[in-house]
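So the structure is just underneath, and the comments pick up after that.
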Amino acid sequence: MTELLHYEFMRRALIAAVLVGLVTPVIGTFLVQRRLALLGDGIGHVALTGVALGLLTSTSPVVTAAVVATVGAVLMELVRVRTRTSGDVALALLFYGGIAGGVLLIGLTPGASNATLTSFLFGSVSTVAEEDIWIVGVLALGVLGVLAVFGRELFVLCQDEEVARAHGLPVRFLSILLAVTAALTVVIAMRVVGVLMVSALMIVPVAAAQQLSRSFRVTMGLAVLIGLVSSLGGLTTAFYSDLAPGATIVLLALVVYCVAVVVGSVLRRATRRRGAAPRPPASAGPTDTMLQTDRGKVTP
Amino acid sequence: MGVSAQFTGAGEPTPDTPPAFQAIGAHAAYDGVPVLDGVDLRIPSGQTMAVLGPNGSGKSTLMRAMLGIVPLTSGEIRVHGTALRRFRDWKRIGYVPQRLTAGGAVPATVREIVASGQVARRRRLSLPTRADRAAVDEALAAVDLSDRAGDAVRELSGGQQQRVLIARALAGRPDTFVMDEPMAGVDAENQRALAHAIGRLRDQGSTVVLVLHELGPLETVIERAVVLEHGRVVHDGAPPEATGDCARPGHEHQHPHPDPNDPDPRVAPTDAHAEIVRLEVPHRD
């Protein structure tokens, strides 16, 4: 294991992996709660245009990706609100606009090749420069800071937008804040798993944690743990077995998800058997509501 | 089932207390179709009031407009004497939305949901104080769910989830409650328990505005009933005397999802049928 740390590039890659494993599941928990699991995916596609813009203008691709992804996220949020009915179509337009723009601009960049494109599409954690680590570190702090300050309000927003309005919360501001935070998270994770798989690290650890938890907080904590295990475990495995790091990380997260599904269903069955006597079973719901319907009659 | 006096806040309204809610010529529309057609309504502070009416009469829209969830196309809403868009004292408001489930896509415990009702009164980055925690405990006790606090909301029955939503509104210790069909999908026993809790809120001087399908066990608690039809107030006064289930206001119109194959939806579906169909509305999660 220590052998890894002898290499400068691996040290940087490990730092990036820790930041990604830590931050993506936190924002992912809110996105899943808000039923916007694919928002990260859309932003990832848009971020590619940003990357290409950076390469074309010889500025840091991470910085340009952050700017373009943020603009894209705000745009998506506005489109989502304005055209409620065709929200997914609007998202799709941005998906394809983003990826087509990225491919086009990379093609225009002198010296850029398909390899450059591939490294951003599928991640290239071993080529992370020291400058990137600093930018990613600052972004990660920013994302965690925003979620710490606005977490309670975002919980209410993601739970029930109407209730958030009735509490007088600034719903539009919070929605855009969440989208921008997601955009910055995409940029953080982009170097590790690539824009096409970014969303996996936001969603899969949360989906796995959901199987094992009954509380929002515990779900988030477990998701972070699963995110860290997947990103560090995946990177290490990739290093020793000479595999693609991004894909290994995502596949490891999916394996954890499968295990969580099995363990979760076993656990639920066990608690149901143990708790059956003192507690009314969850399936009492329909019976409950049926009773009311026939209140005027003799039998339910 | 104790709702402490702390939930009530203001206490006895004085004569110059502004009304809790006031609608002046309120018009609202969904996609160009008018839903509220000039509603004038004054709900004094401390009143327990029901808004009744057939489906599509605009009763839910009126509630939502009073809280700024639905924008008005013309007219004005005043909350505790302040124009809605300048109203900032949101911690006085407790809203119970009409929902089939209280949970979201990510699991959450009953306590987490109930505590989130304090969002308007808590400062950012603050940890819950002892008073905050006590308010959550009391809210849970008021709806008789103290023993389920650590359970996932999604494991609860429909009636219990409805009580979680009411506890969430209580947890912020507001003095003004707006409840959109809190009895929908709740069994008879839970309905009586809820009526009891709402009666206690009234006794403590809270304003309670309820959108209801029928008065049911709340009949004794309601002081005033407003009946809407086609976005207009058609009855305002004492709760209409009921001589049986079918005598309740708006009853004959209540067929939320009439059978499309039936030539006259007013005849065929009984209330029971209508309620069962309502429950088949897909969950929002």
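To be explicit about the labels: the chains of the structure tokens are called A, B, and onward in the order shown, and within each one the residues are counted from 1, while ligands get numbers from 1 in the order they are shown.
Near range 173-179 of chain A, within 8 Å and counting only C-alpha atoms, sit Leu39, Thr70, Ala73, Val74, Glu77, Glu153, Leu154, Leu157, Pro170, Ala182 and Ala183 of chain A; same-chain residues fewer than 3 positions away were not included.
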Generate the output file for the selected residues, C-alpha atoms, as a short mmCIF file (atom, residue, chain, number, x, y, z; two decimals), in the first residue's frame.
```cif
data_model
loop_
_atom_site.label_atom_id
_atom_site.label_comp_id
_atom_site.auth_asym_id
_atom_site.auth_seq_id
_atom_site.Cartn_x
_atom_site.Cartn_y
_atom_site.Cartn_z
CA LEU A 39 -28.77 16.85 -13.02
CA THR A 70 -22.00 26.98 -13.34
CA ALA A 73 -26.45 24.74 -14.09
CA VAL A 74 -28.17 28.10 -13.68
CA GLU A 77 -32.52 25.42 -13.30
CA GLU A 153 -33.05 24.92 4.18
CA LEU A 154 -31.93 22.67 1.33
CA LEU A 157 -36.49 22.44 -0.30
CA PRO A 170 -36.02 31.81 -0.88
CA ALA A 182 -23.66 20.48 -8.03
CA ALA A 183 -21.84 22.09 -10.97
#
```
Which residues of chain B come within 8 Å of chain A, and for each one, what is the closest pair of atoms and their distance in Å to one decimal, counting only C-alpha atoms, sorted by chain and residue number, as JSON lines?
```
{"residue": "B:Leu67", "atom": "CA", "partner": "A:Ala166", "partner_atom": "CA", "distance": 5.6}
{"residue": "B:Gly68", "atom": "CA", "partner": "A:Ala166", "partner_atom": "CA", "distance": 7.0}
{"residue": "B:Ile69", "atom": "CA", "partner": "A:Arg165", "partner_atom": "CA", "distance": 6.0}
{"residue": "B:Arg88", "atom": "CA", "partner": "A:Gly168", "partner_atom": "CA", "distance": 7.2}
{"residue": "B:Trp90", "atom": "CA", "partner": "A:His167", "partner_atom": "CA", "distance": 5.6}
{"residue": "B:Lys91", "atom": "CA", "partner": "A:His167", "partner_atom": "CA", "distance": 7.1}
{"residue": "B:Ile93", "atom": "CA", "partner": "A:His167", "partner_atom": "CA", "distance": 7.2}
{"residue": "B:Gly94", "atom": "CA", "partner": "A:His167", "partner_atom": "CA", "distance": 7.8}
{"residue": "B:Tyr95", "atom": "CA", "partner": "A:Ala166", "partner_atom": "CA", "distance": 6.4}
{"residue": "B:Val96", "atom": "CA", "partner": "A:Val163", "partner_atom": "CA", "distance": 7.9}
{"residue": "B:Pro97", "atom": "CA", "partner": "A:Val163", "partner_atom": "CA", "distance": 7.0}
{"residue": "B:Gly103", "atom": "CA", "partner": "A:Gln159", "partner_atom": "CA", "distance": 7.3}
{"residue": "B:Gly104", "atom": "CA", "partner": "A:Gln159", "partner_atom": "CA", "distance": 5.4}
{"residue": "B:Ala105", "atom": "CA", "partner": "A:Gln33", "partner_atom": "CA", "distance": 4.8}
{"residue": "B:Val106", "atom": "CA", "partner": "A:Gln33", "partner_atom": "CA", "distance": 5.1}
{"residue": "B:Pro107", "atom": "CA", "partner": "A:Arg214", "partner_atom": "CA", "distance": 5.1}
{"residue": "B:Ala108", "atom": "CA", "partner": "A:Ser215", "partner_atom": "CA", "distance": 4.1}
{"residue": "B:Thr109", "atom": "CA", "partner": "A:Ser215", "partner_atom": "CA", "distance": 4.8}
{"residue": "B:Glu112", "atom": "CA", "partner": "A:Ser215", "partner_atom": "CA", "distance": 7.5}
{"residue": "B:Ser116", "atom": "CA", "partner": "A:Val156", "partner_atom": "CA", "distance": 6.5}
{"residue": "B:Val119", "atom": "CA", "partner": "A:Glu153", "partner_atom": "CA", "distance": 6.5}
{"residue": "B:Ala120", "atom": "CA", "partner": "A:His167", "partner_atom": "CA", "distance": 5.8}
{"residue": "B:Arg124", "atom": "CA", "partner": "A:Val149", "partner_atom": "CA", "distance": 5.8}
{"residue": "B:Leu125", "atom": "CA", "partner": "A:Val149", "partner_atom": "CA", "distance": 5.4}
{"residue": "B:Asp151", "atom": "CA", "partner": "A:Arg214", "partner_atom": "CA", "distance": 6.7}
{"residue": "B:Ala152", "atom": "CA", "partner": "A:Arg214", "partner_atom": "CA", "distance": 4.7}
{"residue": "B:Glu155", "atom": "CA", "partner": "A:Ala282", "partner_atom": "CA", "distance": 5.0}
{"residue": "B:Leu156", "atom": "CA", "partner": "A:Ala282", "partner_atom": "CA", "distance": 5.4}
{"residue": "B:Ser157", "atom": "CA", "partner": "A:Gly285", "partner_atom": "CA", "distance": 3.9}
{"residue": "B:Gly158", "atom": "CA", "partner": "A:Gly285", "partner_atom": "CA", "distance": 5.0}
{"residue": "B:Gly159", "atom": "CA", "partner": "A:Asp288", "partner_atom": "CA", "distance": 6.7}
{"residue": "B:Gly185", "atom": "CA", "partner": "A:Thr289", "partner_atom": "CA", "distance": 4.8}
{"residue": "B:Val186", "atom": "CA", "partner": "A:Thr289", "partner_atom": "CA", "distance": 5.5}
{"residue": "B:Asp187", "atom": "CA", "partner": "A:Gln292", "partner_atom": "CA", "distance": 4.7}
{"residue": "B:Ala188", "atom": "CA", "partner": "A:Gln292", "partner_atom": "CA", "distance": 5.5}
{"residue": "B:Asp245", "atom": "CA", "partner": "A:Gly296", "partner_atom": "CA", "distance": 7.6}
{"residue": "B:Asp271", "atom": "CA", "partner": "A:Thr293", "partner_atom": "CA", "distance": 7.1}
{"residue": "B:Ala272", "atom": "CA", "partner": "A:Thr293", "partner_atom": "CA", "distance": 4.6}
{"residue": "B:His273", "atom": "CA", "partner": "A:Thr293", "partner_atom": "CA", "distance": 7.6}
{"residue": "B:Glu275", "atom": "CA", "partner": "A:Thr293", "partner_atom": "CA", "distance": 5.8}
{"residue": "B:Ile276", "atom": "CA", "partner": "A:Thr293", "partner_atom": "CA", "distance": 6.8}
```
Could you turn the residues from that selection into a file that holds C-alpha atoms, as a PDB file, in the first residue's frame?
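Once written, again.pdb looks like this:
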```pdb
ATOM      1  CA  LEU B  67     -49.171  31.479   1.546  1.00  0.00           C
ATOM      2  CA  GLY B  68     -47.637  32.702  -1.693  1.00  0.00           C
ATOM      3  CA  ILE B  69     -47.270  29.213  -3.168  1.00  0.00           C
ATOM      4  CA  ARG B  88     -41.326  38.067   6.807  1.00  0.00           C
ATOM      5  CA  TRP B  90     -42.937  33.104   8.565  1.00  0.00           C
ATOM      6  CA  LYS B  91     -42.287  31.375  11.847  1.00  0.00           C
ATOM      7  CA  ILE B  93     -47.179  30.069   9.972  1.00  0.00           C
ATOM      8  CA  GLY B  94     -47.562  26.301  10.117  1.00  0.00           C
ATOM      9  CA  TYR B  95     -48.523  24.680   6.823  1.00  0.00           C
ATOM     10  CA  VAL B  96     -49.766  21.123   6.404  1.00  0.00           C
ATOM     11  CA  PRO B  97     -49.751  20.261   2.691  1.00  0.00           C
ATOM     12  CA  GLY B 103     -41.167  11.190   3.017  1.00  0.00           C
ATOM     13  CA  GLY B 104     -38.907  12.028   0.107  1.00  0.00           C
ATOM     14  CA  ALA B 105     -36.662   9.870  -2.063  1.00  0.00           C
ATOM     15  CA  VAL B 106     -33.977   9.582   0.612  1.00  0.00           C
ATOM     16  CA  PRO B 107     -35.019   7.882   3.862  1.00  0.00           C
ATOM     17  CA  ALA B 108     -35.703  10.231   6.759  1.00  0.00           C
ATOM     18  CA  THR B 109     -36.785   9.562  10.306  1.00  0.00           C
ATOM     19  CA  GLU B 112     -35.917  14.578  11.124  1.00  0.00           C
ATOM     20  CA  SER B 116     -37.421  20.426   9.698  1.00  0.00           C
ATOM     21  CA  VAL B 119     -36.499  25.899   9.560  1.00  0.00           C
ATOM     22  CA  ALA B 120     -38.116  29.352   9.627  1.00  0.00           C
ATOM     23  CA  ARG B 124     -28.213  29.198   9.955  1.00  0.00           C
ATOM     24  CA  LEU B 125     -25.361  27.070  11.323  1.00  0.00           C
ATOM     25  CA  ASP B 151     -38.452   5.150  12.592  1.00  0.00           C
ATOM     26  CA  ALA B 152     -38.249   5.861   8.883  1.00  0.00           C
ATOM     27  CA  GLU B 155     -42.470   2.624   7.245  1.00  0.00           C
ATOM     28  CA  LEU B 156     -45.517   4.408   8.665  1.00  0.00           C
ATOM     29  CA  SER B 157     -49.121   4.033   7.574  1.00  0.00           C
ATOM     30  CA  GLY B 158     -50.826   6.775   5.561  1.00  0.00           C
ATOM     31  CA  GLY B 159     -52.649   8.126   8.591  1.00  0.00           C
ATOM     32  CA  GLY B 185     -56.507   9.142   3.844  1.00  0.00           C
ATOM     33  CA  VAL B 186     -56.736   9.050   7.642  1.00  0.00           C
ATOM     34  CA  ASP B 187     -58.770   6.325   9.360  1.00  0.00           C
ATOM     35  CA  ALA B 188     -61.646   7.167  11.695  1.00  0.00           C
ATOM     36  CA  ASP B 245     -73.248  12.417   5.252  1.00  0.00           C
ATOM     37  CA  ASP B 271     -68.262   8.591  -1.656  1.00  0.00           C
ATOM     38  CA  ALA B 272     -66.519   5.365  -0.774  1.00  0.00           C
ATOM     39  CA  HIS B 273     -65.702   4.698  -4.377  1.00  0.00           C
ATOM     40  CA  GLU B 275     -62.123   7.894  -1.847  1.00  0.00           C
ATOM     41  CA  ILE B 276     -60.711   4.579  -2.995  1.00  0.00           C
TER      42      ILE B 276
END
```
Which of range 70-244 of chain B DSSP labels helix (DSSP H, G or I), written as a PyMOL selection string: chain B and resi 84-86+90-92+110-118+130-142+146-148+153-155+158-171+188-203+216-218
Find the spatial neighbours of Gly102 in chain A, counting only C-alpha atoms, within a cut-off of 9 Å - ignore same-chain residues fewer than 3 positions away - and output them as a short mmCIF file (atom, residue, chain, number, x, y, z; two decimals) with N, CA and C atoms, in the first residue's frame.
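Final file, selection_5.cif:
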```
data_model
loop_
_atom_site.label_atom_id
_atom_site.label_comp_id
_atom_site.auth_asym_id
_atom_site.auth_seq_id
_atom_site.Cartn_x
_atom_site.Cartn_y
_atom_site.Cartn_z
N HIS A 45 -21.94 16.94 -18.93
CA HIS A 45 -21.86 17.13 -20.38
C HIS A 45 -21.52 18.58 -20.71
N VAL A 46 -22.18 19.50 -20.00
CA VAL A 46 -21.93 20.92 -20.26
C VAL A 46 -20.49 21.27 -19.88
N ALA A 47 -19.99 20.64 -18.81
CA ALA A 47 -18.63 20.93 -18.36
C ALA A 47 -17.59 20.61 -19.43
N LEU A 48 -17.92 19.64 -20.28
CA LEU A 48 -16.96 19.27 -21.33
C LEU A 48 -16.69 20.46 -22.26
N THR A 49 -17.75 21.21 -22.55
CA THR A 49 -17.56 22.42 -23.36
C THR A 49 -16.59 23.37 -22.66
N GLY A 50 -16.74 23.47 -21.34
CA GLY A 50 -15.84 24.33 -20.56
C GLY A 50 -14.40 23.86 -20.65
N VAL A 51 -14.22 22.55 -20.53
CA VAL A 51 -12.88 21.98 -20.62
C VAL A 51 -12.25 22.34 -21.97
N ALA A 52 -13.03 22.12 -23.03
CA ALA A 52 -12.53 22.38 -24.38
C ALA A 52 -12.18 23.85 -24.56
N LEU A 53 -13.02 24.70 -23.97
CA LEU A 53 -12.76 26.14 -24.05
C LEU A 53 -11.43 26.47 -23.39
N GLY A 97 -26.04 19.66 -26.38
CA GLY A 97 -25.35 20.90 -26.70
C GLY A 97 -23.98 20.92 -26.06
N GLY A 98 -23.93 20.50 -24.79
CA GLY A 98 -22.67 20.52 -24.04
C GLY A 98 -21.64 19.58 -24.65
N ILE A 99 -22.06 18.37 -24.93
CA ILE A 99 -21.07 17.38 -25.40
C ILE A 99 -20.64 17.70 -26.83
N LEU A 105 -15.01 21.97 -30.03
CA LEU A 105 -13.95 22.89 -29.61
C LEU A 105 -12.62 22.16 -29.45
N ILE A 106 -12.67 20.91 -28.94
CA ILE A 106 -11.42 20.16 -28.80
C ILE A 106 -10.83 19.88 -30.18
N GLY A 107 -11.71 19.62 -31.14
CA GLY A 107 -11.25 19.41 -32.51
C GLY A 107 -10.54 20.64 -33.07
N LEU A 117 -9.50 14.18 -25.43
CA LEU A 117 -10.94 14.07 -25.24
C LEU A 117 -11.27 12.92 -24.29
#
```
Among the residues B:Gln22, B:Gln160, B:Gln204, B:Asn190, the one that comes closest to Asp40 in chain B [using only C-alpha atoms]: B:Gln22
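Pairwise distance (CA of Val229 in chain A, CA of Pro205 in chain A) equals 9.8 Å.
Shortest separation to Gly246 in chain A among A:Thr127, A:Ser231, A:Ser265, A:Thr116 occurs at residue A:Ser231, atoms counted being only C-alpha atoms.
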Surrounding residues of Thr181 in chain A excluding itself and chain neighbours under 6 positions, 9 Å, only C-alpha atoms, as a ChimeraX atom specification: /A:27,70,73,142-143,146-147
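Counting only C-alpha atoms, the residue from A:Gly234, A:Gly137, A:Gly264, A:Gly194 that sits nearest to Leu19 in chain A is A:Gly137.
Across the model, the gap from CA of Arg92 in chain B to CA of Pro19 in chain B is 13.3 Å.
Taking CA of Pro128 in chain B and CA of Ala171 in chain B as the two end points, the separation is 12.2 Å.
Remark: for Pro245 in chain A, the closest of the candidate residues A:Val224, A:Met76, A:Val259, A:Leu14 is A:Leu14 (distances computed over only C-alpha atoms).
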DSSP-assigned strand (DSSP E or B) members of range 3-235 of chain B, reported as a PyMOL selection string: chain B and resi 21-30+33-43+48-52+74-79+82-83+93-96+109+152+176-180+207-211+224-229+232-235
Which residues are close to range 176-184 of chain B, i.e. within 8 Å by only C-alpha atoms, leaving aside same-chain residues fewer than 3 positions away? Reply as a PDB file with N, CA and C atoms, in the first residue's frame.
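The resulting file, around-v6.pdb, is reproduced below:
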```pdb
ATOM      1  N   ALA B  20     -55.689  37.378  10.595  1.00  0.00           N
ATOM      2  CA  ALA B  20     -54.598  36.461  10.268  1.00  0.00           C
ATOM      3  C   ALA B  20     -54.383  36.430   8.762  1.00  0.00           C
ATOM      4  N   SER B  60     -58.261  24.657  -2.453  1.00  0.00           N
ATOM      5  CA  SER B  60     -56.831  24.446  -2.208  1.00  0.00           C
ATOM      6  C   SER B  60     -56.002  25.601  -2.760  1.00  0.00           C
ATOM      7  N   MET B  63     -55.931  28.505  -0.396  1.00  0.00           N
ATOM      8  CA  MET B  63     -54.977  28.292   0.693  1.00  0.00           C
ATOM      9  C   MET B  63     -53.555  28.570   0.227  1.00  0.00           C
ATOM     10  N   ARG B  92     -44.512  32.311  12.242  1.00  0.00           N
ATOM     11  CA  ARG B  92     -45.869  32.266  12.799  1.00  0.00           C
ATOM     12  C   ARG B  92     -46.775  31.312  12.020  1.00  0.00           C
ATOM     13  N   ILE B  93     -46.325  30.869  10.852  1.00  0.00           N
ATOM     14  CA  ILE B  93     -47.179  30.069   9.972  1.00  0.00           C
ATOM     15  C   ILE B  93     -46.790  28.593  10.037  1.00  0.00           C
ATOM     16  N   GLY B  94     -47.786  27.743  10.198  1.00  0.00           N
ATOM     17  CA  GLY B  94     -47.562  26.301  10.117  1.00  0.00           C
ATOM     18  C   GLY B  94     -48.415  25.732   9.001  1.00  0.00           C
ATOM     19  N   TYR B  95     -47.790  25.146   8.005  1.00  0.00           N
ATOM     20  CA  TYR B  95     -48.523  24.680   6.823  1.00  0.00           C
ATOM     21  C   TYR B  95     -48.502  23.157   6.768  1.00  0.00           C
ATOM     22  N   VAL B  96     -49.660  22.574   6.582  1.00  0.00           N
ATOM     23  CA  VAL B  96     -49.766  21.123   6.404  1.00  0.00           C
ATOM     24  C   VAL B  96     -50.247  20.874   4.982  1.00  0.00           C
ATOM     25  N   PRO B  97     -49.346  20.449   4.084  1.00  0.00           N
ATOM     26  CA  PRO B  97     -49.751  20.261   2.691  1.00  0.00           C
ATOM     27  C   PRO B  97     -50.563  18.988   2.542  1.00  0.00           C
ATOM     28  N   GLN B  98     -51.256  18.895   1.430  1.00  0.00           N
ATOM     29  CA  GLN B  98     -51.993  17.665   1.136  1.00  0.00           C
ATOM     30  C   GLN B  98     -51.043  16.700   0.442  1.00  0.00           C
ATOM     31  N   GLN B 162     -49.631  11.365   7.780  1.00  0.00           N
ATOM     32  CA  GLN B 162     -50.371  12.623   7.843  1.00  0.00           C
ATOM     33  C   GLN B 162     -50.122  13.295   9.194  1.00  0.00           C
ATOM     34  N   ILE B 166     -48.489  17.023  10.317  1.00  0.00           N
ATOM     35  CA  ILE B 166     -49.072  17.968  11.269  1.00  0.00           C
ATOM     36  C   ILE B 166     -48.065  18.280  12.376  1.00  0.00           C
ATOM     37  N   ALA B 169     -45.664  20.879  11.294  1.00  0.00           N
ATOM     38  CA  ALA B 169     -46.186  22.239  11.407  1.00  0.00           C
ATOM     39  C   ALA B 169     -46.167  22.706  12.862  1.00  0.00           C
ATOM     40  N   GLN B 191     -58.635  10.264  12.725  1.00  0.00           N
ATOM     41  CA  GLN B 191     -59.374  11.505  12.467  1.00  0.00           C
ATOM     42  C   GLN B 191     -59.850  12.119  13.772  1.00  0.00           C
ATOM     43  N   LEU B 194     -56.930  13.636  15.515  1.00  0.00           N
ATOM     44  CA  LEU B 194     -56.534  14.901  14.896  1.00  0.00           C
ATOM     45  C   LEU B 194     -57.516  16.014  15.267  1.00  0.00           C
ATOM     46  N   SER B 206     -54.987  29.773  18.717  1.00  0.00           N
ATOM     47  CA  SER B 206     -54.357  29.738  17.403  1.00  0.00           C
ATOM     48  C   SER B 206     -55.401  29.958  16.309  1.00  0.00           C
ATOM     49  N   THR B 207     -54.935  30.512  15.217  1.00  0.00           N
ATOM     50  CA  THR B 207     -55.775  30.579  14.024  1.00  0.00           C
ATOM     51  C   THR B 207     -55.591  29.270  13.276  1.00  0.00           C
ATOM     52  N   VAL B 208     -56.692  28.624  12.905  1.00  0.00           N
ATOM     53  CA  VAL B 208     -56.577  27.376  12.157  1.00  0.00           C
ATOM     54  C   VAL B 208     -57.473  27.464  10.926  1.00  0.00           C
ATOM     55  N   VAL B 209     -56.883  27.371   9.758  1.00  0.00           N
ATOM     56  CA  VAL B 209     -57.647  27.376   8.512  1.00  0.00           C
ATOM     57  C   VAL B 209     -57.487  26.002   7.881  1.00  0.00           C
ATOM     58  N   LEU B 210     -58.612  25.350   7.643  1.00  0.00           N
ATOM     59  CA  LEU B 210     -58.564  23.987   7.121  1.00  0.00           C
ATOM     60  C   LEU B 210     -59.300  23.903   5.792  1.00  0.00           C
ATOM     61  N   VAL B 211     -58.670  23.290   4.816  1.00  0.00           N
ATOM     62  CA  VAL B 211     -59.399  22.916   3.613  1.00  0.00           C
ATOM     63  C   VAL B 211     -59.938  21.519   3.869  1.00  0.00           C
ATOM     64  N   LEU B 212     -61.245  21.351   3.716  1.00  0.00           N
ATOM     65  CA  LEU B 212     -61.823  20.055   4.049  1.00  0.00           C
ATOM     66  C   LEU B 212     -62.723  19.563   2.926  1.00  0.00           C
ATOM     67  N   HIS B 213     -62.780  18.256   2.838  1.00  0.00           N
ATOM     68  CA  HIS B 213     -63.681  17.578   1.931  1.00  0.00           C
ATOM     69  C   HIS B 213     -65.067  17.556   2.542  1.00  0.00           C
TER      70      HIS B 213
END
```
10 Å contact set for Ile249 in chain A, only C-alpha atoms, chain neighbours under 4 positions out, as a VMD selection string: chain A and resid 17 21 192 to 193 197 200 to 201 227 to 238 244 to 245 253 to 255
Spatial neighbours of Ala131 in chain B, max dist 12 Å, only C-alpha atoms, sep filter under 4 positions, as a ChimeraX atom specification: /B:6,115,118,121-122,127,135-138,171-173
Take the residues from that selection and put them in a file with N, CA and C atoms, as a CSV table (one decimal), in the first residue's frame.
```csv
chain,number,residue,atom,x,y,z
B,6,GLN,N,-47.3,26.9,24.7
B,6,GLN,CA,-46.2,27.5,23.9
B,6,GLN,C,-46.5,27.5,22.4
B,115,ALA,N,-38.6,17.9,12.9
B,115,ALA,CA,-37.6,19.0,13.2
B,115,ALA,C,-37.4,20.0,12.1
B,118,GLN,N,-38.9,23.5,11.9
B,118,GLN,CA,-38.4,24.7,12.6
B,118,GLN,C,-37.5,25.5,11.7
B,121,ARG,N,-37.6,29.3,12.0
B,121,ARG,CA,-37.2,30.0,13.3
B,121,ARG,C,-35.8,29.8,13.7
B,122,ARG,N,-35.1,28.9,13.0
B,122,ARG,CA,-33.7,28.6,13.4
B,122,ARG,C,-32.7,29.4,12.6
B,127,LEU,N,-26.9,25.0,16.2
B,127,LEU,CA,-27.3,23.7,16.7
B,127,LEU,C,-28.7,23.8,17.4
B,135,ALA,N,-39.6,21.4,21.7
B,135,ALA,CA,-40.8,21.6,20.8
B,135,ALA,C,-41.0,20.5,19.8
B,136,VAL,N,-39.9,19.8,19.4
B,136,VAL,CA,-40.1,18.6,18.6
B,136,VAL,C,-40.7,17.5,19.4
B,137,ASP,N,-40.3,17.3,20.6
B,137,ASP,CA,-40.8,16.3,21.5
B,137,ASP,C,-42.3,16.5,21.7
B,138,GLU,N,-42.7,17.8,21.9
B,138,GLU,CA,-44.1,18.1,22.2
B,138,GLU,C,-44.9,17.9,20.9
B,171,ALA,N,-44.1,21.8,15.2
B,171,ALA,CA,-42.7,21.9,15.7
B,171,ALA,C,-42.2,23.3,15.7
B,172,GLY,N,-42.6,24.1,14.7
B,172,GLY,CA,-42.1,25.5,14.6
B,172,GLY,C,-42.9,26.4,15.6
B,173,ARG,N,-43.8,25.9,16.4
B,173,ARG,CA,-44.6,26.7,17.3
B,173,ARG,C,-45.2,27.9,16.7
```
